[in-house]
$ cat input.cif   # mmCIF, C-alpha atoms and all ligand atoms
data_my_file
#
loop_
_atom_site.group_PDB
_atom_site.id
_atom_site.type_symbol
_atom_site.label_atom_id
_atom_site.label_comp_id
_atom_site.auth_asym_id
_atom_site.auth_seq_id
_atom_site.Cartn_x
_atom_site.Cartn_y
_atom_site.Cartn_z
ATOM 1 C CA MET A 1 0.000 0.000 0.000
ATOM 2 C CA THR A 2 1.071 3.566 -0.673
ATOM 3 C CA THR A 3 0.597 5.711 2.389
ATOM 4 C CA THR A 4 0.559 9.440 2.936
ATOM 5 C CA SER A 5 3.828 9.050 4.813
ATOM 6 C CA GLY A 6 5.336 7.881 1.546
ATOM 7 C CA SER A 7 6.247 4.250 2.060
ATOM 8 C CA THR A 8 5.332 1.130 0.087
ATOM 9 C CA THR A 9 5.432 -2.522 1.074
ATOM 10 C CA SER A 10 8.772 -2.861 -0.763
ATOM 11 C CA GLY A 11 10.176 0.169 1.092
ATOM 12 C CA ARG A 12 10.731 2.065 -2.176
ATOM 13 C CA GLU A 13 9.529 5.663 -2.125
ATOM 14 C CA PRO A 14 6.327 6.014 -4.190
ATOM 15 C CA PHE A 15 6.696 7.098 -7.814
ATOM 16 C CA GLY A 16 4.678 10.314 -7.345
ATOM 17 C CA ALA A 17 6.935 11.511 -4.531
ATOM 18 C CA ARG A 18 10.090 10.682 -6.516
ATOM 19 C CA LEU A 19 8.740 12.461 -9.583
ATOM 20 C CA HIS A 20 7.726 15.515 -7.546
ATOM 21 C CA ARG A 21 11.269 15.833 -6.163
ATOM 22 C CA LEU A 22 12.975 15.294 -9.517
ATOM 23 C CA VAL A 23 10.765 17.846 -11.274
ATOM 24 C CA ALA A 24 11.776 20.416 -8.651
ATOM 25 C CA ALA A 25 15.451 19.741 -9.475
ATOM 26 C CA ARG A 26 15.393 19.137 -13.248
ATOM 27 C CA GLY A 27 12.167 20.634 -14.533
ATOM 28 C CA ARG A 28 9.071 18.892 -15.791
ATOM 29 C CA LEU A 29 10.125 17.600 -19.224
ATOM 30 C CA CYS A 30 9.756 14.035 -20.455
ATOM 31 C CA VAL A 31 11.616 13.066 -23.619
ATOM 32 C CA GLY A 32 10.583 10.047 -25.617
ATOM 33 C CA ILE A 33 13.330 7.956 -27.169
ATOM 34 C CA ASP A 34 11.510 6.743 -30.253
ATOM 35 C CA PRO A 35 13.874 5.450 -32.943
ATOM 36 C CA HIS A 36 11.682 6.032 -36.013
ATOM 37 C CA ALA A 37 13.158 4.665 -39.261
ATOM 38 C CA SER A 38 13.092 8.233 -40.647
ATOM 39 C CA LEU A 39 15.105 9.512 -37.669
ATOM 40 C CA LEU A 40 17.707 6.760 -38.059
ATOM 41 C CA GLN A 41 18.064 7.871 -41.663
ATOM 42 C CA ALA A 42 18.291 11.557 -40.694
ATOM 43 C CA TRP A 43 21.042 10.683 -38.199
ATOM 44 C CA GLY A 44 22.960 8.856 -40.983
ATOM 45 C CA LEU A 45 22.309 5.429 -39.458
ATOM 46 C CA ASP A 46 21.146 2.196 -41.044
ATOM 47 C CA ASP A 47 17.675 0.918 -40.216
ATOM 48 C CA ASP A 48 19.027 -2.165 -38.436
ATOM 49 C CA VAL A 49 19.864 -3.256 -34.888
ATOM 50 C CA ALA A 50 23.273 -1.558 -34.972
ATOM 51 C CA GLY A 51 21.622 1.703 -36.066
ATOM 52 C CA LEU A 52 18.949 1.333 -33.416
ATOM 53 C CA GLU A 53 21.545 0.738 -30.707
ATOM 54 C CA ARG A 54 23.688 3.698 -31.764
ATOM 55 C CA PHE A 55 20.666 5.991 -31.912
ATOM 56 C CA ALA A 56 19.074 4.903 -28.647
ATOM 57 C CA MET A 57 22.262 4.829 -26.578
ATOM 58 C CA THR A 58 23.430 8.211 -27.944
ATOM 59 C CA ALA A 59 20.055 9.702 -27.059
ATOM 60 C CA VAL A 60 19.813 8.209 -23.588
ATOM 61 C CA GLU A 61 23.416 9.109 -22.692
ATOM 62 C CA ALA A 62 22.822 12.726 -23.724
ATOM 63 C CA LEU A 63 19.321 13.168 -22.330
ATOM 64 C CA ALA A 64 19.002 11.054 -19.178
ATOM 65 C CA PRO A 65 21.271 13.311 -17.070
ATOM 66 C CA GLU A 66 19.196 16.352 -18.135
ATOM 67 C CA VAL A 67 15.514 15.527 -17.964
ATOM 68 C CA SER A 68 13.172 14.131 -15.314
ATOM 69 C CA VAL A 69 11.546 11.402 -17.392
ATOM 70 C CA ILE A 70 12.741 9.257 -20.281
ATOM 71 C CA LYS A 71 9.954 7.514 -22.210
ATOM 72 C CA PRO A 72 11.048 4.863 -24.714
ATOM 73 C CA GLN A 73 8.221 3.690 -26.999
ATOM 74 C CA SER A 74 8.586 -0.080 -26.975
ATOM 75 C CA ALA A 75 7.299 -0.652 -30.537
ATOM 76 C CA PHE A 76 10.336 1.023 -32.098
ATOM 77 C CA TYR A 77 12.552 -1.567 -30.369
ATOM 78 C CA GLU A 78 10.227 -4.572 -30.744
ATOM 79 C CA ARG A 79 10.298 -4.216 -34.532
ATOM 80 C CA PHE A 80 13.878 -5.566 -34.378
ATOM 81 C CA GLY A 81 12.849 -8.621 -32.317
ATOM 82 C CA SER A 82 14.767 -9.884 -29.315
ATOM 83 C CA ARG A 83 17.885 -7.889 -30.185
ATOM 84 C CA GLY A 84 15.809 -4.719 -30.259
ATOM 85 C CA VAL A 85 14.314 -5.557 -26.885
ATOM 86 C CA ALA A 86 17.849 -6.079 -25.548
ATOM 87 C CA VAL A 87 18.614 -2.484 -26.627
ATOM 88 C CA LEU A 88 15.461 -1.340 -24.830
ATOM 89 C CA GLU A 89 16.683 -3.054 -21.642
ATOM 90 C CA ARG A 90 19.944 -1.116 -21.896
ATOM 91 C CA VAL A 91 18.120 2.180 -22.494
ATOM 92 C CA VAL A 92 16.016 1.625 -19.376
ATOM 93 C CA ALA A 93 19.004 0.649 -17.238
ATOM 94 C CA HIS A 94 21.120 3.551 -18.445
ATOM 95 C CA ALA A 95 18.357 6.120 -17.959
ATOM 96 C CA ARG A 96 17.752 4.965 -14.382
ATOM 97 C CA GLU A 97 21.486 4.964 -13.582
ATOM 98 C CA ALA A 98 21.706 8.556 -14.836
ATOM 99 C CA GLY A 99 18.981 9.588 -12.418
ATOM 100 C CA ALA A 100 16.005 9.891 -14.756
ATOM 101 C CA LEU A 101 12.716 8.153 -14.096
ATOM 102 C CA VAL A 102 11.654 5.808 -16.890
ATOM 103 C CA CYS A 103 8.149 5.648 -18.295
ATOM 104 C CA MET A 104 7.917 2.532 -20.419
ATOM 105 C CA ASP A 105 5.491 3.439 -23.185
ATOM 106 C CA VAL A 106 3.698 0.201 -24.011
ATOM 107 C CA LYS A 107 0.022 1.176 -23.543
ATOM 108 C CA ARG A 108 -0.792 -2.257 -22.164
ATOM 109 C CA GLY A 109 -4.123 -3.518 -20.865
ATOM 110 C CA ASP A 110 -5.856 -6.925 -20.978
ATOM 111 C CA ILE A 111 -8.044 -9.182 -18.852
ATOM 112 C CA GLY A 112 -6.841 -9.078 -15.257
ATOM 113 C CA SER A 113 -4.863 -12.322 -15.247
ATOM 114 C CA THR A 114 -2.847 -11.201 -18.297
ATOM 115 C CA THR A 115 -2.530 -7.668 -16.944
ATOM 116 C CA GLN A 116 -0.703 -9.244 -13.981
ATOM 117 C CA ALA A 117 1.894 -10.589 -16.448
ATOM 118 C CA TYR A 118 2.326 -7.093 -17.918
ATOM 119 C CA ALA A 119 2.721 -5.741 -14.386
ATOM 120 C CA ASP A 120 5.378 -8.395 -13.712
ATOM 121 C CA ALA A 121 7.152 -7.481 -16.964
ATOM 122 C CA TYR A 122 7.387 -3.729 -16.387
ATOM 123 C CA LEU A 123 6.688 -2.894 -12.751
ATOM 124 C CA ASP A 124 8.435 -5.644 -10.807
ATOM 125 C CA PRO A 125 12.097 -5.004 -9.956
ATOM 126 C CA ALA A 126 12.877 -8.653 -10.762
ATOM 127 C CA SER A 127 12.200 -7.988 -14.481
ATOM 128 C CA PRO A 128 14.940 -6.915 -16.926
ATOM 129 C CA LEU A 129 12.490 -4.294 -18.260
ATOM 130 C CA PHE A 130 11.626 -2.898 -14.813
ATOM 131 C CA SER A 131 10.636 0.726 -15.237
ATOM 132 C CA ASP A 132 9.531 3.411 -12.796
ATOM 133 C CA SER A 133 6.199 3.752 -14.584
ATOM 134 C CA VAL A 134 4.300 2.436 -17.550
ATOM 135 C CA THR A 135 1.567 3.637 -19.911
ATOM 136 C CA ALA A 136 -1.612 1.578 -19.565
ATOM 137 C CA SER A 137 -4.779 1.238 -21.652
ATOM 138 C CA PRO A 138 -8.050 1.165 -19.637
ATOM 139 C CA PHE A 139 -10.279 0.243 -22.556
ATOM 140 C CA LEU A 140 -10.904 -3.293 -21.279
ATOM 141 C CA GLY A 141 -12.412 -1.585 -18.234
ATOM 142 C CA PHE A 142 -10.506 0.385 -15.606
ATOM 143 C CA GLY A 143 -10.822 -2.501 -13.144
ATOM 144 C CA SER A 144 -8.858 -4.757 -15.513
ATOM 145 C CA LEU A 145 -5.797 -2.651 -14.605
ATOM 146 C CA SER A 146 -6.012 -3.583 -10.898
ATOM 147 C CA PRO A 147 -3.014 -5.974 -11.038
ATOM 148 C CA MET A 148 -0.904 -3.100 -12.393
ATOM 149 C CA VAL A 149 -2.188 -0.781 -9.675
ATOM 150 C CA GLU A 150 -1.429 -3.299 -6.925
ATOM 151 C CA THR A 151 2.026 -4.135 -8.310
ATOM 152 C CA ALA A 152 2.820 -0.431 -8.649
ATOM 153 C CA ARG A 153 1.721 0.184 -5.057
ATOM 154 C CA LYS A 154 3.891 -2.686 -3.852
ATOM 155 C CA HIS A 155 7.048 -1.596 -5.654
ATOM 156 C CA GLY A 156 6.693 2.200 -5.620
ATOM 157 C CA SER A 157 6.067 2.424 -9.367
ATOM 158 C CA GLY A 158 3.575 4.563 -11.271
ATOM 159 C CA LEU A 159 0.940 4.260 -13.978
ATOM 160 C CA PHE A 160 -0.060 6.664 -16.721
ATOM 161 C CA VAL A 161 -3.499 5.634 -17.937
ATOM 162 C CA LEU A 162 -4.795 6.753 -21.345
ATOM 163 C CA ALA A 163 -7.677 9.204 -20.876
ATOM 164 C CA LEU A 164 -7.776 11.833 -23.659
ATOM 165 C CA THR A 165 -5.155 10.879 -26.193
ATOM 166 C CA SER A 166 -3.470 13.292 -28.575
ATOM 167 C CA ASN A 167 -4.741 11.603 -31.764
ATOM 168 C CA PRO A 168 -8.035 12.835 -33.245
ATOM 169 C CA GLU A 169 -9.429 9.277 -33.531
ATOM 170 C CA GLY A 170 -9.426 8.979 -29.728
ATOM 171 C CA ARG A 171 -12.499 11.220 -29.373
ATOM 172 C CA GLU A 172 -15.031 8.665 -30.603
ATOM 173 C CA VAL A 173 -14.192 6.372 -27.689
ATOM 174 C CA GLN A 174 -12.963 8.728 -24.992
ATOM 175 C CA ARG A 175 -15.708 11.372 -25.282
ATOM 176 C CA ALA A 176 -18.519 8.797 -25.617
ATOM 177 C CA ARG A 177 -21.062 8.802 -22.770
ATOM 178 C CA THR A 178 -21.417 5.899 -20.366
ATOM 179 C CA GLU A 179 -24.748 4.736 -18.890
ATOM 180 C CA ASP A 180 -24.450 7.195 -15.992
ATOM 181 C CA GLY A 181 -23.927 10.142 -18.375
ATOM 182 C CA ARG A 182 -20.223 10.695 -17.707
ATOM 183 C CA THR A 183 -17.807 10.553 -20.617
ATOM 184 C CA VAL A 184 -15.467 7.552 -20.738
ATOM 185 C CA ALA A 185 -12.588 9.954 -20.056
ATOM 186 C CA ALA A 186 -14.375 11.298 -16.958
ATOM 187 C CA THR A 187 -14.771 7.767 -15.565
ATOM 188 C CA ILE A 188 -11.036 7.157 -16.038
ATOM 189 C CA LEU A 189 -10.141 10.445 -14.339
ATOM 190 C CA ASP A 190 -12.516 9.711 -11.444
ATOM 191 C CA ALA A 191 -10.950 6.261 -10.970
ATOM 192 C CA LEU A 192 -7.456 7.775 -10.927
ATOM 193 C CA ARG A 193 -8.531 10.446 -8.424
ATOM 194 C CA ALA A 194 -9.780 7.695 -6.117
ATOM 195 C CA LEU A 195 -6.416 5.892 -6.312
ATOM 196 C CA ASN A 196 -4.535 9.069 -5.322
ATOM 197 C CA VAL A 197 -6.806 10.099 -2.473
ATOM 198 C CA ASP A 198 -4.957 11.408 0.611
ATOM 199 C CA THR A 199 -1.576 11.085 -1.105
ATOM 200 C CA ASP A 200 0.875 13.888 -0.575
ATOM 201 C CA PRO A 201 2.629 15.614 -2.355
ATOM 202 C CA LEU A 202 1.546 13.828 -5.545
ATOM 203 C CA GLY A 203 -0.059 10.464 -6.217
ATOM 204 C CA SER A 204 1.518 7.818 -8.440
ATOM 205 C CA PHE A 205 -1.442 7.266 -10.776
ATOM 206 C CA GLY A 206 -2.037 9.786 -13.535
ATOM 207 C CA PRO A 207 -3.799 10.210 -16.858
ATOM 208 C CA VAL A 208 -2.372 10.650 -20.335
ATOM 209 C CA ILE A 209 -3.954 13.751 -21.854
ATOM 210 C CA GLY A 210 -2.651 15.211 -25.104
ATOM 211 C CA ALA A 211 -1.622 18.858 -25.375
ATOM 212 C CA THR A 212 -3.756 18.932 -28.518
ATOM 213 C CA VAL A 213 -7.137 17.836 -27.092
ATOM 214 C CA GLY A 214 -8.741 21.270 -26.749
ATOM 215 C CA ASP A 215 -11.305 21.694 -23.981
ATOM 216 C CA PRO A 216 -11.138 18.463 -21.949
ATOM 217 C CA GLY A 217 -14.671 19.024 -20.683
ATOM 218 C CA VAL A 218 -13.838 17.381 -17.325
ATOM 219 C CA ASP A 219 -11.839 18.077 -14.176
ATOM 220 C CA VAL A 220 -8.349 16.858 -15.086
ATOM 221 C CA ASP A 221 -6.835 17.329 -11.618
ATOM 222 C CA VAL A 222 -6.508 13.857 -10.080
ATOM 223 C CA ASN A 223 -3.798 14.675 -7.522
ATOM 224 C CA GLY A 224 -1.395 12.733 -9.707
ATOM 225 C CA PRO A 225 1.000 13.501 -12.553
ATOM 226 C CA ILE A 226 -0.485 14.172 -16.002
ATOM 227 C CA LEU A 227 1.574 12.871 -18.926
ATOM 228 C CA VAL A 228 1.095 15.300 -21.823
ATOM 229 C CA PRO A 229 2.246 13.998 -25.212
ATOM 230 C CA GLY A 230 1.622 16.083 -28.300
ATOM 231 C CA TYR A 231 3.972 18.833 -27.180
ATOM 232 C CA GLY A 232 6.457 19.615 -29.971
ATOM 233 C CA ALA A 233 6.160 17.658 -33.216
ATOM 234 C CA GLN A 234 2.354 17.234 -32.956
ATOM 235 C CA GLY A 235 1.948 21.009 -32.614
ATOM 236 C CA GLY A 236 1.071 21.356 -28.906
ATOM 237 C CA THR A 237 2.515 24.427 -27.158
ATOM 238 C CA VAL A 238 2.797 25.799 -23.633
ATOM 239 C CA SER A 239 -0.131 28.148 -24.373
ATOM 240 C CA ASP A 240 -2.236 25.140 -25.385
ATOM 241 C CA MET A 241 -1.323 23.387 -22.142
ATOM 242 C CA ARG A 242 -2.324 26.445 -20.107
ATOM 243 C CA ARG A 243 -5.690 26.493 -21.878
ATOM 244 C CA VAL A 244 -6.322 22.742 -21.562
ATOM 245 C CA PHE A 245 -5.118 22.241 -17.995
ATOM 246 C CA GLY A 246 -5.738 25.531 -16.162
ATOM 247 C CA ASP A 247 -4.865 25.160 -12.477
ATOM 248 C CA ALA A 248 -3.727 21.568 -12.951
ATOM 249 C CA ALA A 249 -0.677 22.858 -14.858
ATOM 250 C CA ARG A 250 1.444 22.193 -11.730
ATOM 251 C CA ALA A 251 0.998 18.448 -12.279
ATOM 252 C CA LEU A 252 1.998 18.296 -15.947
ATOM 253 C CA VAL A 253 4.773 16.220 -17.410
ATOM 254 C CA PRO A 254 4.916 17.490 -21.019
ATOM 255 C CA SER A 255 6.410 14.902 -23.333
ATOM 256 C CA THR A 256 8.138 15.290 -26.665
ATOM 257 C CA SER A 257 9.997 12.757 -28.758
ATOM 258 C CA ARG A 258 10.689 13.968 -32.294
ATOM 259 C CA GLY A 259 10.798 17.618 -31.105
ATOM 260 C CA VAL A 260 14.130 16.841 -29.409
ATOM 261 C CA LEU A 261 15.410 13.860 -31.420
ATOM 262 C CA GLU A 262 15.198 15.788 -34.714
ATOM 263 C CA ALA A 263 17.999 18.032 -33.422
ATOM 264 C CA GLY A 264 20.430 15.198 -34.273
ATOM 265 C CA PRO A 265 23.089 13.692 -32.023
ATOM 266 C CA ALA A 266 25.080 16.906 -31.567
ATOM 267 C CA GLY A 267 22.028 19.042 -30.839
ATOM 268 C CA LEU A 268 20.181 16.854 -28.319
ATOM 269 C CA VAL A 269 21.282 18.502 -25.091
ATOM 270 C CA ASP A 270 20.603 22.045 -26.346
ATOM 271 C CA ALA A 271 17.215 21.016 -27.697
ATOM 272 C CA ALA A 272 16.286 19.379 -24.396
ATOM 273 C CA ARG A 273 17.421 22.404 -22.386
ATOM 274 C CA ARG A 274 15.382 24.720 -24.612
ATOM 275 C CA ALA A 275 12.313 22.548 -24.079
ATOM 276 C CA ILE A 276 12.931 22.414 -20.305
ATOM 277 C CA ASP A 277 13.060 26.242 -20.236
ATOM 278 C CA ASP A 278 9.971 26.466 -22.427
ATOM 279 C CA VAL A 279 7.823 24.239 -20.179
ATOM 280 C CA ALA A 280 9.129 25.994 -17.045
ATOM 281 C CA ALA A 281 6.734 28.773 -18.069
ATOM 282 C CA LEU A 282 3.935 26.507 -16.816
ATOM 283 C CA ASP A 283 5.151 27.198 -13.266
ATOM 284 C CA ALA A 284 5.135 30.984 -13.682
HETATM 285 O O1 LIG A 301 1.166 7.468 -24.193
HETATM 286 C C1 LIG A 301 1.823 8.194 -24.949
HETATM 287 O O2 LIG A 301 2.981 8.452 -24.702
HETATM 288 C C2 LIG A 301 1.119 8.840 -26.066
HETATM 289 C C3 LIG A 301 -0.228 9.097 -25.870
HETATM 290 C C4 LIG A 301 -0.900 9.951 -26.765
HETATM 291 O O3 LIG A 301 -2.047 10.297 -26.561
HETATM 292 N N1 LIG A 301 -0.217 10.444 -27.842
HETATM 293 C C5 LIG A 301 1.103 10.153 -28.081
HETATM 294 O O4 LIG A 301 1.660 10.680 -29.048
HETATM 295 N N2 LIG A 301 1.761 9.285 -27.236
HETATM 296 C C6 LIG A 301 3.159 8.880 -27.508
HETATM 297 O O5 LIG A 301 3.981 10.031 -27.344
HETATM 298 C C7 LIG A 301 5.007 10.050 -28.368
HETATM 299 C C8 LIG A 301 4.834 11.296 -29.227
HETATM 300 O O6 LIG A 301 5.945 11.478 -30.035
HETATM 301 P P1 LIG A 301 6.230 12.844 -30.800
HETATM 302 O O7 LIG A 301 4.992 13.163 -31.567
HETATM 303 O O8 LIG A 301 7.398 12.516 -31.671
HETATM 304 O O9 LIG A 301 6.560 13.889 -29.757
HETATM 305 C C9 LIG A 301 4.882 8.745 -29.104
HETATM 306 O O10 LIG A 301 5.737 7.796 -28.474
HETATM 307 C C10 LIG A 301 3.431 8.345 -28.919
HETATM 308 O O11 LIG A 301 3.250 6.949 -28.964
#

$ encode --input "input.cif" --output "C-alpha cells"
Amino acid sequence: MTTTSGSTTSGREPFGARLHRLVAARGRLCVGIDPHASLLQAWGLDDDVAGLERFAMTAVEALAPEVSVIKPQSAFYERFGSRGVAVLERVVAHAREAGALVCMDVKRGDIGSTTQAYADAYLDPASPLFSDSVTASPFLGFGSLSPMVETARKHGSGLFVLALTSNPEGREVQRARTEDGRTVAATILDALRALNVDTDPLGSFGPVIGATVGDPGVDVDVNGPILVPGYGAQGGTVSDMRRVFGDAARALVPSTSRGVLEAGPAGLVDAARRAIDDVAALDA
C-alpha cells in the first residue's frame, strides 16, 4: 500500500513523490526515445539493430542526465525482435542509472490475469524491463488494470493511464457517454482520483492527456501527474497546455519525442534544455 507518509510494502519511495522531487530539481520535461526509421536515416544510421543501438544509446546518454523522465516507446525496439528488446533493456538501465525516471510506453491492458503478467514485466524489480512507470490502456475496463495498480503500489512504481489521447481518432471512444452520463474519459479520471486520495505531495497514478485535445470538458486534476504527449512535433505548445489544464498545470509532465530527437546527435542537449526552459513557463 502507498501511504501518505510515503512508504510502500517494498520500502521504495512512491513514484509520485520521486517524480515531484525530480521535477523540482530538473524541470518537468519528459523526452521520448523513439527510434523512427526516418530519424535513423536523418542521423545517418542504417535501419538495423546496430543503427537502433547507436541511436538509442546516444540519445539516452545525452538526455538522461538532463531531464526528469525518459519515455522509450517499446514498438520502435520490438520491430527488431529480441535484439531490439535487448537495446530497450539497456536504455532503461542507463536512464535509471543517470537519475532519470523511466516511463515505459507500451500502452498495455488486458483481462486481469494477463494484466498481472504485464505488471510483472514492467513494474516488478525482478524484471529486466523494470521501469519506474508504464503507460496503460483502460479500454478493457478500468478494473482490468487492478493488477498493475497493486504491483505499482507494492514496488513504488507509477501508472499513466490513457484518458484523452493526442490523436483525433481517440475522441469517438474517450468522449462517448457511459450509462451514468459521464464521458469515458471522466470515468477514467474519477478512478485515478480515487487511487490518489490522501496522497501527498503527488499520487503515483495519472492520466495521459494530449496537449492537442482542446477543452477536456472534465476536471483533469486527479492529484497525480499528467503525462502530456503532443507537445512539440504534434503542434502542442505551452499556451495550449495552459488552456487545456488551467490550475492543474502544476501536475503536468509534457512529453516530446521527435521535437528533441530531430535536433540530431550533436544538438540533443541544447534542444532538451530549450524545451525544459519552455515548459518551465507553466510554473510561472
Ligand atoms: O502514451 C503516450 O505516450 C502517447 C499518448 C498519446 O495520446 N499520444 C502520443 O503521441 N503518445 C506517444 O507520445 C510520443 C509522441 O511522439 P512525438 O509526436 O514525436 O513527440 C509517441 O511515443 C506516442 O506513442

$ residues_near_ligand --input "input.cif" --ligand "ligand LIG 301 (chain A)" --cutoff "10 Å" --atoms "only C-alpha atoms and all ligand atoms" --output "PyMOL selection string"
chain A and resi 30-36+71-76+103-107+134-137+160-168+170+207-213+227-236+254-262

$ closest_residue --input "input.cif" --among "A:Pro225, A:Gly143, A:Gly81, A:Gly44" --to "Gly158 (chain A)" --atoms "all atoms listed in the file"
A:Pro225

$ resolve_selection --input "input.cif" --expression "the PyMOL selection byres (((chain A and resi 175-185) around 10) and not hetatm)" --output "PDB file with C-alpha atoms, in the coordinates of the input"
ATOM      1  CA  PRO A 138      -8.050   1.165 -19.637  1.00  0.00           C
ATOM      2  CA  PHE A 139     -10.279   0.243 -22.556  1.00  0.00           C
ATOM      3  CA  GLY A 141     -12.412  -1.585 -18.234  1.00  0.00           C
ATOM      4  CA  LEU A 162      -4.795   6.753 -21.345  1.00  0.00           C
ATOM      5  CA  ALA A 163      -7.677   9.204 -20.876  1.00  0.00           C
ATOM      6  CA  LEU A 164      -7.776  11.833 -23.659  1.00  0.00           C
ATOM      7  CA  THR A 165      -5.155  10.879 -26.193  1.00  0.00           C
ATOM      8  CA  GLY A 170      -9.426   8.979 -29.728  1.00  0.00           C
ATOM      9  CA  ARG A 171     -12.499  11.220 -29.373  1.00  0.00           C
ATOM     10  CA  GLU A 172     -15.031   8.665 -30.603  1.00  0.00           C
ATOM     11  CA  VAL A 173     -14.192   6.372 -27.689  1.00  0.00           C
ATOM     12  CA  GLN A 174     -12.963   8.728 -24.992  1.00  0.00           C
ATOM     13  CA  ALA A 186     -14.375  11.298 -16.958  1.00  0.00           C
ATOM     14  CA  THR A 187     -14.771   7.767 -15.565  1.00  0.00           C
ATOM     15  CA  ILE A 188     -11.036   7.157 -16.038  1.00  0.00           C
ATOM     16  CA  LEU A 189     -10.141  10.445 -14.339  1.00  0.00           C
ATOM     17  CA  ASP A 190     -12.516   9.711 -11.444  1.00  0.00           C
ATOM     18  CA  ALA A 191     -10.950   6.261 -10.970  1.00  0.00           C
ATOM     19  CA  PRO A 207      -3.799  10.210 -16.858  1.00  0.00           C
ATOM     20  CA  ILE A 209      -3.954  13.751 -21.854  1.00  0.00           C
ATOM     21  CA  PRO A 216     -11.138  18.463 -21.949  1.00  0.00           C
ATOM     22  CA  GLY A 217     -14.671  19.024 -20.683  1.00  0.00           C
ATOM     23  CA  VAL A 218     -13.838  17.381 -17.325  1.00  0.00           C
ATOM     24  CA  VAL A 220      -8.349  16.858 -15.086  1.00  0.00           C
TER      25      VAL A 220
END

$ atom_distance --input "input.cif" --atom1 "CA of Gly16 (chain A)" --atom2 "CA of Pro125 (chain A)"
17.2 Å

$ resolve_selection --input "input.cif" --expression "the PyMOL selection byres (((chain A and resi 203) around 8) and not hetatm)" --output "PyMOL selection string"
chain A and resi 15-17+195-197+199-202+204-206+223-225

$ residues_near_point --input "input.cif" --point "(19.0, 2.0, -25.1)" --cutoff "7 Å" --atoms "only C-alpha atoms" --output "PDB file with C-alpha atoms, keeping the file's coordinate frame"
ATOM      1  CA  GLU A  53      21.545   0.738 -30.707  1.00  0.00           C
ATOM      2  CA  ALA A  56      19.074   4.903 -28.647  1.00  0.00           C
ATOM      3  CA  MET A  57      22.262   4.829 -26.578  1.00  0.00           C
ATOM      4  CA  VAL A  60      19.813   8.209 -23.588  1.00  0.00           C
ATOM      5  CA  VAL A  87      18.614  -2.484 -26.627  1.00  0.00           C
ATOM      6  CA  LEU A  88      15.461  -1.340 -24.830  1.00  0.00           C
ATOM      7  CA  GLU A  89      16.683  -3.054 -21.642  1.00  0.00           C
ATOM      8  CA  ARG A  90      19.944  -1.116 -21.896  1.00  0.00           C
ATOM      9  CA  VAL A  91      18.120   2.180 -22.494  1.00  0.00           C
ATOM     10  CA  VAL A  92      16.016   1.625 -19.376  1.00  0.00           C
TER      11      VAL A  92
END

$ resolve_selection --input "input.cif" --expression "the PyMOL selection byres (((chain A and resi 22-24) around 9) and not hetatm)" --output "PyMOL selection string"
chain A and resi 17-21+25-29+67-69+99-101+253

$ residues_around --input "input.cif" --residues "Phe130 (chain A)" --least-positions-apart "6" --cutoff "8 Å" --atoms "all atoms listed in the file" --output "PyMOL selection string"
chain A and resi 92+121-124

$ atom_distance --input "input.cif" --atom1 "CA of Ser157 (chain A)" --atom2 "CA of Pro14 (chain A)"
6.3 Å

$ atom_distance --input "input.cif" --atom1 "CA of Leu63 (chain A)" --atom2 "CA of Val269 (chain A)"
6.3 Å
